[in-house]
Amino acid sequence: MKNKYNIFIILLLLPLLSLAQPNIDSIFVGDHYLSLQWISWDYYGISTISNADKDGLYKIEGKQKSTVNDDYLKISGTLKPVNSRHLIFTGTIETCINFINNGNACVREGEFNFMVHGKRQYWRLQENLNPCDTVGVADYVDIFIAVK
């Protein structure tokens, strides 16, 4: 009998608990700075995150281009928030850096994790080893939290 009351109380409080959650759309939807450290730490590209679909997936499209050569970063796919600090990205990340992979494009497709660590203000790609480089360089692909 006591378990029935506990379940009843939880069901009554559930709507109140959901009000305490941050409005996820206000964090994600809009234009966000996008960066790859090989291109620049001083200027950024832009990624646009669109409203979630019925499955809770947000669409993301973005690009950062170098101002001094043909290097670039492109990102295209969907984001599924695990929480405000962890996003699961499904799609394509393409990088082209003149001194990596003989200057050829490197395309990654699949599912990747972007996470915020500590007090950082960006989600960083966790699977950051460049799969097209034999030396094992890390690509720091960052999506900044603050909407541009």
# chains A, B, ... in the order shown; residues from 1 in each chain; ligands from 1

call {"tool": "closest_atom_pairs", "arguments": {"of": "segment 23-97 of chain A", "to": "segment 123-129 of chain A", "cutoff": "10 Å", "atoms": "only C-alpha atoms", "output": "CSV"}}
result
residue,atom,partner,partner_atom,distance
A:Leu34,CA,A:Trp123,CA,9.8
A:Ser35,CA,A:Arg124,CA,9.6
A:Leu36,CA,A:Arg124,CA,9.9
A:Ser84,CA,A:Trp123,CA,9.4
A:Arg85,CA,A:Trp123,CA,7.1
A:His86,CA,A:Trp123,CA,7.4
A:Leu87,CA,A:Trp123,CA,7.8
A:Ile88,CA,A:Leu125,CA,9.7
A:Phe89,CA,A:Leu125,CA,9.1

call {"tool": "residues_around", "arguments": {"residues": "Asp55 of chain A", "least_positions_apart": "4", "cutoff": "12 Å", "atoms": "only C-alpha atoms", "output": "PyMOL selection string"}}
result
chain A and resi 51+59+78-81

call {"tool": "write_last_selection", "arguments": {"atoms": "N, CA, C and O atoms", "output": "tab-separated table (two decimals), in the first residue's frame"}}
result
chain	number	residue	atom	x	y	z
A	51	ASN	N	15.36	24.13	-34.80
A	51	ASN	CA	14.44	23.53	-33.83
A	51	ASN	C	14.40	22.01	-33.94
A	51	ASN	O	14.58	21.46	-35.03
A	59	LYS	N	18.82	19.93	-36.02
A	59	LYS	CA	19.64	19.93	-37.23
A	59	LYS	C	20.75	20.96	-37.06
A	59	LYS	O	20.51	22.05	-36.54
A	78	THR	N	22.70	15.96	-37.37
A	78	THR	CA	21.73	16.18	-36.29
A	78	THR	C	22.43	16.09	-34.94
A	78	THR	O	23.47	15.44	-34.80
A	79	LEU	N	21.83	16.76	-33.97
A	79	LEU	CA	22.29	16.72	-32.59
A	79	LEU	C	21.18	16.17	-31.72
A	79	LEU	O	20.04	16.60	-31.83
A	80	LYS	N	21.52	15.23	-30.87
A	80	LYS	CA	20.58	14.72	-29.88
A	80	LYS	C	21.16	15.05	-28.51
A	80	LYS	O	22.21	14.51	-28.14
A	81	PRO	N	20.53	15.96	-27.77
A	81	PRO	CA	21.07	16.30	-26.46
A	81	PRO	C	20.84	15.17	-25.45
A	81	PRO	O	19.73	14.68	-25.30

call {"tool": "residues_around", "arguments": {"residues": "Leu73 of chain A", "least_positions_apart": "4", "cutoff": "9 Å", "atoms": "only C-alpha atoms", "output": "PyMOL selection string"}}
result
chain A and resi 34-36+39+45+62-66+93-97+141

call {"tool": "select_by_dssp", "arguments": {"residues": "segment 66-107 of chain A", "states": "strand (DSSP E or B)", "output": "ChimeraX atom specification"}}
result
/A:72-83,86-96,106-107

call {"tool": "closest_residue", "arguments": {"among": "A:Ser26, A:Ser47, A:Thr134, A:Thr92", "to": "Phe112 of chain A", "atoms": "only C-alpha atoms"}}
result
A:Thr92

call {"tool": "closest_residue", "arguments": {"among": "A:Gly77, A:Tyr58, A:Val116, A:Ile100", "to": "Asp142 of chain A", "atoms": "only C-alpha atoms"}}
result
A:Val116

call {"tool": "atom_distance", "arguments": {"atom1": "atom CA of Asn101 of chain A", "atom2": "atom CA of Asp133 of chain A"}}
result
5.5 Å

call {"tool": "closest_residue", "arguments": {"among": "A:Val68, A:Val135, A:Val82, A:Cys106", "to": "Ile24 of chain A", "atoms": "only C-alpha atoms"}}
result
A:Val82

call {"tool": "residues_around", "arguments": {"residues": "Ile49 of chain A", "least_positions_apart": "3", "cutoff": "6 Å", "atoms": "only C-alpha atoms", "output": "list in words"}}
result
Val29, Gly30, Lys59 and Ile60 of chain A

call {"tool": "select_by_dssp", "arguments": {"residues": "chain A", "states": "helix (DSSP H, G or I)", "output": "PyMOL selection string"}}
result
chain A and resi 2-20+24-28+101-103

call {"tool": "closest_residue", "arguments": {"among": "A:Asp42, A:Asp31, A:Asp139, A:Asp25", "to": "Leu57 of chain A", "atoms": "only C-alpha atoms"}}
result
A:Asp25

call {"tool": "closest_residue", "arguments": {"among": "A:Ala52, A:Ala138, A:Ile46, A:Ala105", "to": "Asp71 of chain A", "atoms": "only C-alpha atoms"}}
result
A:Ala105
